[in-house]
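Visitor: Enclosed is the structure file query_34.cif (mmCIF, C-alpha atoms).
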```cif
data_start
loop_
_atom_site.label_atom_id
_atom_site.label_comp_id
_atom_site.auth_asym_id
_atom_site.auth_seq_id
_atom_site.Cartn_x
_atom_site.Cartn_y
_atom_site.Cartn_z
CA MET A 4 -62.76 74.82 4.46
CA ALA A 5 -64.07 78.31 3.64
CA GLY A 6 -61.31 80.63 2.43
CA GLY A 7 -58.86 77.75 2.02
CA LYS A 8 -57.49 76.17 -1.13
CA THR A 9 -59.71 73.68 -2.81
CA LYS A 10 -58.13 70.35 -3.62
CA LYS A 11 -58.38 69.45 -7.28
CA GLU A 12 -59.86 66.06 -7.96
CA LYS A 13 -57.97 63.73 -10.21
CA ALA A 14 -59.64 63.46 -13.57
CA ARG A 15 -61.02 60.01 -14.29
CA PRO A 16 -60.28 58.44 -17.64
CA ALA A 17 -63.11 58.76 -20.12
CA GLY A 18 -65.40 55.75 -20.24
CA HIS A 19 -64.86 54.82 -16.57
CA THR A 20 -67.72 55.03 -14.09
CA PRO A 21 -66.97 54.82 -10.35
CA TYR A 22 -68.54 52.12 -8.21
CA GLN A 23 -69.31 52.83 -4.57
CA GLY A 24 -66.79 50.21 -3.51
CA GLY A 25 -64.03 51.97 -5.41
CA ILE A 26 -64.10 49.93 -8.61
CA SER A 27 -64.35 51.74 -11.94
CA PHE A 28 -66.49 50.13 -14.62
CA HIS A 29 -65.08 50.07 -18.14
CA LYS A 30 -67.75 50.76 -20.77
CA SER A 31 -65.30 49.72 -23.49
CA LYS A 32 -65.26 46.23 -21.96
CA GLY A 33 -69.04 46.09 -21.80
CA GLN A 34 -69.16 46.39 -18.00
CA HIS A 35 -72.72 47.45 -17.21
CA ILE A 36 -73.80 46.16 -13.81
CA LEU A 37 -77.45 45.39 -13.04
CA LYS A 38 -78.49 47.67 -10.17
CA ASN A 39 -82.26 47.10 -10.03
CA PRO A 40 -82.97 44.32 -7.47
CA LEU A 41 -86.52 43.80 -8.76
CA LEU A 42 -85.15 43.15 -12.24
CA VAL A 43 -82.58 40.69 -10.87
CA ASP A 44 -85.41 38.84 -9.06
CA SER A 45 -87.48 38.77 -12.25
CA ILE A 46 -84.62 37.29 -14.31
CA VAL A 47 -84.00 34.57 -11.71
CA GLN A 48 -87.72 33.77 -11.52
CA LYS A 49 -88.10 33.51 -15.31
CA SER A 50 -85.00 31.29 -15.53
CA GLY A 51 -86.85 28.37 -13.93
CA ILE A 52 -83.85 27.31 -11.87
CA LYS A 53 -84.10 24.07 -9.89
CA SER A 54 -82.50 23.50 -6.50
CA THR A 55 -80.35 20.79 -8.07
CA ASP A 56 -79.02 22.98 -10.92
CA VAL A 57 -75.39 23.82 -11.55
CA ILE A 58 -75.54 27.37 -12.94
CA LEU A 59 -73.03 28.95 -15.31
CA GLU A 60 -72.84 32.73 -14.94
CA ILE A 61 -70.81 34.75 -17.45
CA GLY A 62 -69.58 38.20 -16.44
CA PRO A 63 -70.83 38.23 -12.82
CA GLY A 64 -69.36 41.68 -12.14
CA THR A 65 -69.83 42.63 -8.48
CA GLY A 66 -72.18 39.71 -7.79
CA ASN A 67 -75.69 41.21 -7.65
CA LEU A 68 -77.12 38.44 -9.85
CA THR A 69 -74.68 35.86 -8.46
CA LYS A 70 -76.13 36.19 -4.96
CA LYS A 71 -79.67 35.43 -6.14
CA LEU A 72 -78.47 32.48 -8.23
CA LEU A 73 -76.64 31.00 -5.23
CA GLU A 74 -79.83 31.27 -3.16
CA VAL A 75 -81.90 29.16 -5.58
CA GLY A 76 -79.43 26.78 -7.28
CA LYS A 77 -77.10 24.04 -6.09
CA ARG A 78 -73.89 25.68 -7.29
CA VAL A 79 -72.73 28.67 -9.37
CA ILE A 80 -69.71 28.66 -11.68
CA ALA A 81 -68.88 32.28 -12.50
CA VAL A 82 -66.53 33.12 -15.39
CA GLU A 83 -65.05 36.61 -15.11
CA ILE A 84 -62.22 38.14 -17.15
CA ASP A 85 -61.57 41.17 -14.91
CA ALA A 86 -59.26 40.38 -11.96
CA ARG A 87 -60.74 43.30 -9.99
CA MET A 88 -64.22 41.85 -10.26
CA VAL A 89 -62.94 38.40 -9.28
CA LEU A 90 -61.49 39.88 -6.10
CA GLU A 91 -64.72 41.77 -5.41
CA LEU A 92 -66.74 38.54 -5.76
CA GLN A 93 -64.44 36.68 -3.39
CA ARG A 94 -64.64 39.48 -0.83
CA ARG A 95 -68.42 39.70 -1.09
CA PHE A 96 -69.08 36.03 -0.34
CA GLN A 97 -66.08 35.21 1.86
CA GLY A 98 -67.20 33.89 5.25
CA THR A 99 -70.83 33.50 4.18
CA PRO A 100 -72.73 30.18 3.86
CA LEU A 101 -72.89 30.79 0.08
CA SER A 102 -69.12 30.81 -0.47
CA SER A 103 -68.78 27.01 -0.55
CA ARG A 104 -71.16 26.83 -3.51
CA LEU A 105 -69.43 29.47 -5.63
CA GLN A 106 -66.61 28.67 -8.05
CA VAL A 107 -64.99 31.62 -9.79
CA ILE A 108 -63.00 31.08 -12.99
CA GLN A 109 -60.88 34.03 -14.09
CA GLY A 110 -60.50 34.17 -17.86
CA ASP A 111 -62.00 34.97 -21.24
CA VAL A 112 -65.15 32.86 -21.58
CA LEU A 113 -64.57 32.53 -25.34
CA LYS A 114 -61.19 30.90 -24.66
CA THR A 115 -62.23 28.94 -21.58
CA GLU A 116 -63.22 25.28 -21.72
CA LEU A 117 -66.67 25.31 -20.18
CA PRO A 118 -67.40 22.79 -17.42
CA TYR A 119 -70.64 20.86 -17.02
CA PHE A 120 -73.66 23.04 -16.20
CA ASP A 121 -77.45 22.66 -16.29
CA ILE A 122 -78.39 26.24 -17.06
CA CYS A 123 -76.61 29.44 -18.04
CA VAL A 124 -77.77 32.81 -16.70
CA ALA A 125 -75.75 35.81 -17.81
CA ASN A 126 -75.59 39.56 -18.35
CA ILE A 127 -72.83 39.56 -20.96
CA PRO A 128 -70.64 42.17 -22.65
CA TYR A 129 -72.58 42.86 -25.83
CA GLN A 130 -69.51 42.65 -28.09
CA ILE A 131 -69.27 38.88 -27.53
CA SER A 132 -72.94 38.13 -28.26
CA SER A 133 -72.46 36.21 -31.53
CA PRO A 134 -69.40 34.12 -30.62
CA LEU A 135 -70.78 33.32 -27.17
CA THR A 136 -74.12 32.17 -28.58
CA PHE A 137 -72.22 29.91 -30.98
CA LYS A 138 -69.95 28.57 -28.21
CA LEU A 139 -72.88 27.69 -25.96
CA LEU A 140 -74.88 25.99 -28.71
CA LYS A 141 -71.87 23.87 -29.70
CA HIS A 142 -71.09 22.94 -26.08
CA GLN A 143 -70.77 19.16 -25.95
CA SER A 144 -72.33 18.61 -22.52
CA ALA A 145 -76.08 18.98 -22.91
CA PHE A 146 -77.60 21.84 -20.92
CA ARG A 147 -81.26 22.70 -20.46
CA CYS A 148 -81.28 26.34 -21.49
CA ALA A 149 -79.48 29.69 -21.41
CA ILE A 150 -81.06 32.91 -20.10
CA ILE A 151 -78.99 35.76 -21.52
CA MET A 152 -79.17 39.54 -21.54
CA PHE A 153 -78.42 40.87 -25.04
CA GLN A 154 -78.48 44.26 -26.68
CA ARG A 155 -82.13 44.60 -27.70
CA GLU A 156 -81.58 44.70 -31.46
CA PHE A 157 -79.40 41.58 -31.35
CA ALA A 158 -82.02 39.81 -29.22
CA MET A 159 -84.73 40.75 -31.72
CA ARG A 160 -82.66 39.21 -34.52
CA LEU A 161 -82.52 35.94 -32.61
CA VAL A 162 -86.29 35.74 -32.11
CA ALA A 163 -87.30 37.24 -35.48
CA GLN A 164 -89.79 35.40 -37.68
CA PRO A 165 -90.01 35.20 -41.50
CA GLY A 166 -91.14 38.55 -42.86
CA ASP A 167 -89.73 40.56 -39.94
CA LYS A 168 -87.29 43.33 -40.85
CA LEU A 169 -84.60 41.87 -38.59
CA TYR A 170 -84.92 38.31 -39.94
CA CYS A 171 -81.44 37.35 -41.15
CA ARG A 172 -78.83 34.61 -41.48
CA LEU A 173 -78.05 34.85 -37.77
CA THR A 174 -81.73 34.19 -37.02
CA VAL A 175 -81.89 31.03 -39.11
CA ASN A 176 -78.53 29.73 -37.88
CA THR A 177 -79.55 30.17 -34.25
CA GLN A 178 -82.98 28.66 -34.72
CA LEU A 179 -81.45 25.67 -36.50
CA LEU A 180 -79.75 24.69 -33.25
CA SER A 181 -82.19 26.05 -30.67
CA ARG A 182 -85.62 27.34 -29.77
CA VAL A 183 -85.42 31.01 -28.88
CA SER A 184 -87.98 33.11 -27.00
CA HIS A 185 -88.06 36.68 -25.70
CA LEU A 186 -88.59 36.98 -21.94
CA LEU A 187 -88.46 40.68 -21.07
CA LYS A 188 -87.28 44.09 -22.20
CA VAL A 189 -84.80 45.90 -19.98
CA GLY A 190 -84.37 49.67 -20.05
CA ARG A 191 -80.88 51.16 -20.05
CA ASN A 192 -81.41 52.91 -16.71
CA ASN A 193 -81.40 49.56 -14.90
CA PHE A 194 -77.60 49.43 -15.29
CA ARG A 195 -74.63 51.21 -13.77
CA PRO A 196 -73.25 52.81 -15.90
CA PRO A 197 -76.23 52.92 -18.29
CA PRO A 198 -75.47 51.66 -21.82
CA LYS A 199 -76.51 53.65 -24.89
CA VAL A 200 -79.22 51.17 -25.88
CA ASP A 201 -81.94 49.07 -24.26
CA SER A 202 -81.53 45.36 -23.64
CA SER A 203 -83.62 42.21 -23.71
CA VAL A 204 -83.47 38.90 -21.88
CA VAL A 205 -83.76 35.87 -24.15
CA ARG A 206 -84.22 32.16 -23.44
CA ILE A 207 -82.20 29.82 -25.69
CA GLU A 208 -83.07 26.13 -25.51
CA PRO A 209 -80.85 23.72 -27.52
CA ARG A 210 -82.77 21.42 -29.84
CA LYS A 211 -82.73 17.79 -28.72
CA PRO A 212 -82.00 16.08 -30.99
CA PRO A 213 -80.50 18.70 -33.32
CA PHE A 214 -81.29 18.83 -37.04
CA GLU A 215 -78.94 16.60 -39.01
CA VAL A 216 -77.15 18.81 -41.51
CA ASN A 217 -73.61 19.36 -42.77
CA GLN A 218 -72.78 22.67 -41.13
CA LYS A 219 -70.29 23.81 -43.78
CA ASP A 220 -72.72 23.07 -46.59
CA TRP A 221 -75.52 24.77 -44.64
CA ASP A 222 -73.42 27.85 -43.96
CA GLY A 223 -72.41 28.23 -47.62
CA PHE A 224 -76.04 27.77 -48.68
CA LEU A 225 -77.36 30.44 -46.29
CA ARG A 226 -74.65 32.91 -47.28
CA ILE A 227 -75.91 32.75 -50.86
CA CYS A 228 -79.58 32.88 -49.90
CA PHE A 229 -79.11 35.93 -47.68
CA ASN A 230 -76.80 37.75 -50.08
CA ARG A 231 -79.88 39.87 -50.82
CA LYS A 232 -82.63 38.51 -48.64
CA ASN A 233 -85.43 40.43 -50.40
CA LYS A 234 -84.45 39.30 -53.90
CA THR A 235 -86.07 36.17 -55.30
CA LEU A 236 -84.01 33.00 -55.05
CA GLY A 237 -84.34 32.66 -58.81
CA SER A 238 -82.57 35.99 -59.21
CA ILE A 239 -79.87 35.16 -56.68
CA PHE A 240 -79.09 31.76 -58.17
CA ARG A 241 -78.76 33.27 -61.65
CA GLN A 242 -75.70 35.25 -60.57
CA LYS A 243 -72.63 34.28 -62.54
CA SER A 244 -70.50 34.17 -59.39
CA VAL A 245 -72.96 31.81 -57.67
CA ILE A 246 -73.20 29.47 -60.65
CA ASN A 247 -69.42 29.41 -61.02
CA LEU A 248 -68.96 28.53 -57.36
CA LEU A 249 -71.54 25.75 -57.38
CA GLU A 250 -70.26 24.34 -60.67
CA LYS A 251 -66.71 24.25 -59.32
CA ASN A 252 -67.90 22.34 -56.24
CA TYR A 253 -69.93 20.00 -58.43
CA LYS A 254 -67.05 19.21 -60.78
CA THR A 255 -64.63 18.70 -57.90
CA LEU A 256 -66.94 16.20 -56.23
CA GLN A 257 -67.57 14.43 -59.53
CA ALA A 258 -63.88 14.22 -60.33
CA LEU A 259 -62.96 12.86 -56.93
CA ASN A 260 -66.00 10.60 -56.85
CA LEU A 261 -66.82 11.87 -53.38
CA ALA A 262 -70.56 12.20 -53.76
CA PRO A 263 -71.37 9.18 -51.50
CA ALA A 264 -68.96 10.39 -48.81
CA GLN A 265 -70.37 13.89 -49.03
CA GLN A 266 -73.89 12.53 -48.72
CA GLY A 267 -72.89 10.71 -45.55
CA ALA A 268 -71.39 13.88 -44.18
CA LEU A 269 -74.83 15.49 -44.22
CA GLU A 270 -75.38 13.86 -40.85
CA ASP A 271 -72.28 15.41 -39.33
CA THR A 272 -73.28 18.15 -36.90
CA ASN A 273 -69.81 18.89 -35.56
CA ASP A 274 -68.46 21.15 -38.31
CA VAL A 275 -67.92 24.82 -37.61
CA MET A 276 -70.85 27.14 -38.26
CA ASP A 277 -70.35 30.84 -38.80
CA PHE A 278 -72.71 32.70 -36.44
CA SER A 279 -71.59 36.15 -37.50
CA ASP A 280 -74.29 38.60 -38.54
CA GLU A 281 -72.09 40.54 -40.95
CA ASP A 282 -74.63 40.30 -43.74
CA ILE A 283 -77.41 42.06 -41.86
CA GLU A 284 -76.35 45.59 -42.73
CA MET A 285 -76.41 45.01 -46.48
CA ASN A 286 -78.83 46.99 -48.60
CA ASP A 287 -82.03 45.00 -49.01
CA ASP A 288 -84.34 47.63 -50.42
CA GLY A 289 -84.65 45.89 -53.76
CA VAL A 290 -81.77 47.73 -55.45
CA ASP A 291 -79.23 45.45 -57.07
CA ASP A 292 -76.21 47.62 -56.18
CA GLY A 293 -74.32 46.17 -59.13
CA MET A 294 -75.29 42.58 -58.40
CA GLU A 295 -74.10 40.50 -61.32
CA VAL A 296 -76.96 38.58 -62.92
CA GLU A 297 -76.59 36.76 -66.22
CA ASP A 298 -79.08 34.42 -67.84
CA GLY A 299 -76.63 33.08 -70.39
CA ASN A 300 -73.41 33.59 -72.30
CA ALA A 301 -72.67 36.10 -75.04
CA GLU A 302 -74.75 34.07 -77.50
CA GLY A 303 -77.71 34.00 -75.10
CA GLU A 304 -77.24 30.31 -74.28
CA VAL A 305 -77.78 29.07 -70.74
CA SER A 306 -75.21 26.55 -69.49
CA GLU A 307 -76.37 23.04 -68.69
CA PHE A 308 -75.27 23.44 -65.09
CA LYS A 309 -77.27 26.64 -64.69
CA LYS A 310 -80.30 24.82 -66.07
CA LYS A 311 -79.67 22.12 -63.46
CA VAL A 312 -79.57 24.64 -60.61
CA LEU A 313 -82.65 26.55 -61.76
CA SER A 314 -84.49 23.29 -62.37
CA VAL A 315 -84.08 22.38 -58.68
CA LEU A 316 -85.54 25.75 -57.67
CA MET A 317 -88.49 25.42 -60.07
CA LYS A 318 -89.33 21.81 -59.23
CA ALA A 319 -89.22 22.54 -55.50
CA GLY A 320 -91.31 25.68 -55.98
CA PHE A 321 -88.71 28.12 -54.65
CA GLU A 322 -87.79 30.17 -57.73
CA GLY A 323 -90.08 33.07 -56.81
CA GLU A 324 -89.54 32.85 -53.05
CA ARG A 325 -87.47 35.27 -50.98
CA SER A 326 -85.15 34.32 -48.10
CA SER A 327 -86.68 37.05 -45.94
CA LYS A 328 -89.95 35.11 -45.88
CA LEU A 329 -88.78 31.47 -45.76
CA LYS A 330 -89.17 29.34 -42.64
CA LEU A 331 -86.35 27.22 -41.23
CA GLN A 332 -87.87 23.98 -42.54
CA GLN A 333 -88.13 25.44 -46.05
CA PHE A 334 -84.40 26.23 -46.05
CA LEU A 335 -83.69 22.66 -44.93
CA ASP A 336 -85.96 21.28 -47.65
CA LEU A 337 -84.34 23.36 -50.40
CA LEU A 338 -80.81 22.39 -49.34
CA SER A 339 -81.88 18.75 -49.37
CA GLU A 340 -83.22 19.11 -52.93
CA PHE A 341 -79.94 20.65 -54.10
CA ASN A 342 -77.95 17.85 -52.43
CA LYS A 343 -80.09 15.18 -54.12
CA ASP A 344 -78.97 16.58 -57.45
CA GLY A 345 -75.33 16.57 -56.36
CA ILE A 346 -75.19 20.35 -55.81
CA HIS A 347 -73.24 21.37 -52.70
CA PHE A 348 -72.19 24.65 -51.15
CA SER A 349 -68.84 23.80 -49.56
#
```
For this file, produce the structure as structure tokens.
Guide:
Amino acid sequence: MAGGKTKKEKARPAGHTPYQGGISFHKSKGQHILKNPLLVDSIVQKSGIKSTDVILEIGPGTGNLTKKLLEVGKRVIAVEIDARMVLELQRRFQGTPLSSRLQVIQGDVLKTELPYFDICVANIPYQISSPLTFKLLKHQSAFRCAIIMFQREFAMRLVAQPGDKLYCRLTVNTQLLSRVSHLLKVGRNNFRPPPKVDSSVVRIEPRKPPFEVNQKDWDGFLRICFNRKNKTLGSIFRQKSVINLLEKNYKTLQALNLAPAQQGALEDTNDVMDFSDEDIEMNDDGVDDGMEVEDGNAEGEVSEFKKKVLSVLMKAGFEGERSSKLKLQQFLDLLSEFNKDGIHFS
């Protein structure tokens, strides 16, 4: 009223954005709700959902994508950690024909035992991108594919090819277990509240059957190869620390006479794989940064074990190759050559 006292509005906590229904979105929890209906339609269309599909949705929020998924699929299982969003979903679909085909699970998807599903469609909190990708790809019940919204740079790492700047250990690990393709780029203004970066929708299709490889051995191997992805493998495998590690593994296996058992374990695909991308920020501009490289001992002699390791690289033709330019099959081939000579990475 003119001339009257103005009522002071209560200050909202930083990082909270109001929703028209009264819910505040928490940016710190990765809550960015899709608000563009045309984009939602496009994601659903590109997902290739069948009328018989059970759909897993992660982080449904207020249900904009959920509604479209319910209209095209048989059933939607929505996993949501925020109790406020769970209540909003239940209110939105209560009393509608769609409610009988919606199951809402409240909880942390990383700690939740996932039920059977045919396809996953999700706009996820970006901070769980790596562990969620790993969890889905190790899910025991076979599913057809996952259509997931990622932060754009993370998505580009998943679909990167040899020679690309973003090609890294995460890329190779993901492509070992799946075929990954980029579907569409999504601008930040399609969300409420808008995130600081653009996003991309990616299709992840599990390999059937998967490559047969010992995951622990594979993980240790890739960690060494991507220690400096633009250095030659010959340079990397001359490092004293690398030789010492491999020689210790070699002697342990020899002493315990476990080589046959280890060889059999190469077909085990159930070991834990590290999907973290912690190595991707390392300096790869060709500078050693103090990387320890020794060709021999104080007398200039090269140990027999080092000769053995370098011999594998030379015979297989990988000594001058760089991890940044190797294809998935080449990594598999090189690991196989090392294993044939009794050299293991775990």
Visitor: Could you give me, as a ChimeraX atom specification, the residues within 7 Å of Ile246 in chain A, counting only C-alpha atoms and dropping anything in the same chain fewer than 5 positions from it?
Guide: /A:240-241,309
Visitor: Find the residue from A:Thr55, A:Ser326, A:Ser202, A:Thr65 that sits nearest to Thr235 in chain A; use only C-alpha atoms when measuring.
Guide: A:Ser326
Visitor: Within 12 Å of (-88.1, 24.0, -44.6) (coordinates as in the file), grab all the protein and nucleic acid residues, counting all atoms listed in the file, and write them out as a list in words.
Guide: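 Every polymer residue passing the test: Pro165, Val175, Leu179, Phe214, Ala319, Gly320, Phe321, Ser326, Lys328, Leu329, Lys330, Leu331, Gln332, Gln333, Phe334, Leu335, Asp336, Leu337, Leu338, Ser339 and Glu340 of chain A.
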Visitor: Give me the residues within 12 Å of Thr115 in chain A as a count of residues only, counting only C-alpha atoms and dropping any in the same chain fewer than 4 places off.
Guide: 13
Visitor: Once the PyMOL selection byres ((chain A and resi 69) around 12) is applied to the coordinates I shared, what remains selected? I want it as a PDB file with C-alpha atoms, keeping the file's coordinate frame.
Guide:
```pdb
ATOM      1  CA  ILE A  36     -73.800  46.160 -13.810  1.00  0.00           C
ATOM      2  CA  LEU A  37     -77.450  45.390 -13.040  1.00  0.00           C
ATOM      3  CA  PRO A  40     -82.970  44.320  -7.470  1.00  0.00           C
ATOM      4  CA  VAL A  43     -82.580  40.690 -10.870  1.00  0.00           C
ATOM      5  CA  ASP A  44     -85.410  38.840  -9.060  1.00  0.00           C
ATOM      6  CA  ILE A  46     -84.620  37.290 -14.310  1.00  0.00           C
ATOM      7  CA  VAL A  47     -84.000  34.570 -11.710  1.00  0.00           C
ATOM      8  CA  ILE A  58     -75.540  27.370 -12.940  1.00  0.00           C
ATOM      9  CA  LEU A  59     -73.030  28.950 -15.310  1.00  0.00           C
ATOM     10  CA  GLU A  60     -72.840  32.730 -14.940  1.00  0.00           C
ATOM     11  CA  ILE A  61     -70.810  34.750 -17.450  1.00  0.00           C
ATOM     12  CA  GLY A  62     -69.580  38.200 -16.440  1.00  0.00           C
ATOM     13  CA  PRO A  63     -70.830  38.230 -12.820  1.00  0.00           C
ATOM     14  CA  GLY A  64     -69.360  41.680 -12.140  1.00  0.00           C
ATOM     15  CA  THR A  65     -69.830  42.630  -8.480  1.00  0.00           C
ATOM     16  CA  GLY A  66     -72.180  39.710  -7.790  1.00  0.00           C
ATOM     17  CA  ASN A  67     -75.690  41.210  -7.650  1.00  0.00           C
ATOM     18  CA  LEU A  68     -77.120  38.440  -9.850  1.00  0.00           C
ATOM     19  CA  LYS A  70     -76.130  36.190  -4.960  1.00  0.00           C
ATOM     20  CA  LYS A  71     -79.670  35.430  -6.140  1.00  0.00           C
ATOM     21  CA  LEU A  72     -78.470  32.480  -8.230  1.00  0.00           C
ATOM     22  CA  LEU A  73     -76.640  31.000  -5.230  1.00  0.00           C
ATOM     23  CA  GLU A  74     -79.830  31.270  -3.160  1.00  0.00           C
ATOM     24  CA  VAL A  75     -81.900  29.160  -5.580  1.00  0.00           C
ATOM     25  CA  GLY A  76     -79.430  26.780  -7.280  1.00  0.00           C
ATOM     26  CA  ARG A  78     -73.890  25.680  -7.290  1.00  0.00           C
ATOM     27  CA  VAL A  79     -72.730  28.670  -9.370  1.00  0.00           C
ATOM     28  CA  ILE A  80     -69.710  28.660 -11.680  1.00  0.00           C
ATOM     29  CA  ALA A  81     -68.880  32.280 -12.500  1.00  0.00           C
ATOM     30  CA  VAL A  82     -66.530  33.120 -15.390  1.00  0.00           C
ATOM     31  CA  GLU A  83     -65.050  36.610 -15.110  1.00  0.00           C
ATOM     32  CA  GLU A  91     -64.720  41.770  -5.410  1.00  0.00           C
ATOM     33  CA  LEU A  92     -66.740  38.540  -5.760  1.00  0.00           C
ATOM     34  CA  GLN A  93     -64.440  36.680  -3.390  1.00  0.00           C
ATOM     35  CA  ARG A  95     -68.420  39.700  -1.090  1.00  0.00           C
ATOM     36  CA  PHE A  96     -69.080  36.030  -0.340  1.00  0.00           C
ATOM     37  CA  LEU A 101     -72.890  30.790   0.080  1.00  0.00           C
ATOM     38  CA  SER A 102     -69.120  30.810  -0.470  1.00  0.00           C
ATOM     39  CA  ARG A 104     -71.160  26.830  -3.510  1.00  0.00           C
ATOM     40  CA  LEU A 105     -69.430  29.470  -5.630  1.00  0.00           C
ATOM     41  CA  GLN A 106     -66.610  28.670  -8.050  1.00  0.00           C
ATOM     42  CA  VAL A 107     -64.990  31.620  -9.790  1.00  0.00           C
ATOM     43  CA  CYS A 123     -76.610  29.440 -18.040  1.00  0.00           C
ATOM     44  CA  VAL A 124     -77.770  32.810 -16.700  1.00  0.00           C
ATOM     45  CA  ALA A 125     -75.750  35.810 -17.810  1.00  0.00           C
ATOM     46  CA  ASN A 126     -75.590  39.560 -18.350  1.00  0.00           C
TER      47      ASN A 126
END
```
Visitor: Mind giving me the straight-line distance from CA of Ser203 in chain A to CA of Phe153 in chain A in Å, one decimal?
Guide: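 It comes out at 5.5 Å.
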Visitor: Could you list, as a PyMOL selection string, every residue within 8 Å of Ile239 in chain A, counting only C-alpha atoms and ignoring same-chain residues fewer than 4 positions away?
Guide: chain A and resi 227-228+230-231+234-235+245+296
Visitor: Between CA of Leu187 in chain A and CA of Gln143 in chain A, what distance in Å does the model show, to one decimal?
Guide: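 About the pair CA of Leu187 in chain A and CA of Gln143 in chain A: they are 28.3 Å apart.
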Visitor: Which residue gives the smallest distance to Ile346 in chain A among A:Thr255, A:Thr136, A:Gln242, A:Ser306, with all atoms listed in the file counted?
Guide: A:Thr255
Visitor: Have a look at A:Ser54, A:Ile150, A:Lys141, A:Asp85 and name the one nearest to Leu186 in chain A; count all atoms listed in the file.
Guide: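 Closest residue, counting all atoms listed in the file: A:Ile150.
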Visitor: Closest to Phe229 in chain A among A:Arg206, A:Lys318, A:Arg325, A:Lys311, using all atoms listed in the file?
Guide: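 Using all atoms listed in the file, the shortest distance to Phe229 in chain A belongs to A:Arg325.
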Visitor: For a test of reading the model, state the distance in Å between CA of Phe146 in chain A and CA of Ala158 in chain A, rounded to one decimal.
Guide: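 The value is 20.3 Å.
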Visitor: I need the residue set behind the PyMOL selection byres ((chain A and resi 192) around 12) for this file; please write it as an mmCIF file with C-alpha atoms, keeping the file's coordinate frame.
Guide:
```
data_model
loop_
_atom_site.group_PDB
_atom_site.id
_atom_site.type_symbol
_atom_site.label_atom_id
_atom_site.label_comp_id
_atom_site.auth_asym_id
_atom_site.auth_seq_id
_atom_site.Cartn_x
_atom_site.Cartn_y
_atom_site.Cartn_z
ATOM 1 C CA HIS A 35 -72.720 47.450 -17.210
ATOM 2 C CA ILE A 36 -73.800 46.160 -13.810
ATOM 3 C CA LEU A 37 -77.450 45.390 -13.040
ATOM 4 C CA LYS A 38 -78.490 47.670 -10.170
ATOM 5 C CA ASN A 39 -82.260 47.100 -10.030
ATOM 6 C CA LEU A 42 -85.150 43.150 -12.240
ATOM 7 C CA LYS A 188 -87.280 44.090 -22.200
ATOM 8 C CA VAL A 189 -84.800 45.900 -19.980
ATOM 9 C CA GLY A 190 -84.370 49.670 -20.050
ATOM 10 C CA ARG A 191 -80.880 51.160 -20.050
ATOM 11 C CA ASN A 193 -81.400 49.560 -14.900
ATOM 12 C CA PHE A 194 -77.600 49.430 -15.290
ATOM 13 C CA ARG A 195 -74.630 51.210 -13.770
ATOM 14 C CA PRO A 196 -73.250 52.810 -15.900
ATOM 15 C CA PRO A 197 -76.230 52.920 -18.290
ATOM 16 C CA PRO A 198 -75.470 51.660 -21.820
ATOM 17 C CA LYS A 199 -76.510 53.650 -24.890
ATOM 18 C CA VAL A 200 -79.220 51.170 -25.880
ATOM 19 C CA ASP A 201 -81.940 49.070 -24.260
ATOM 20 C CA SER A 202 -81.530 45.360 -23.640
#
```
Visitor: When the PyMOL selection byres ((chain A and resi 148) around 6) is applied to the structure above, which residues does it catch, written out as a JSON list (two decimals) with C-alpha atoms, in the frame of the given file?
Guide:
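For reference, expr05.json as written:
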```
[["chain", "number", "residue", "atom", "x", "y", "z"],
["A", 122, "ILE", "CA", -78.39, 26.24, -17.06],
["A", 146, "PHE", "CA", -77.60, 21.84, -20.92],
["A", 147, "ARG", "CA", -81.26, 22.70, -20.46],
["A", 149, "ALA", "CA", -79.48, 29.69, -21.41],
["A", 207, "ILE", "CA", -82.20, 29.82, -25.69],
["A", 208, "GLU", "CA", -83.07, 26.13, -25.51]]
```
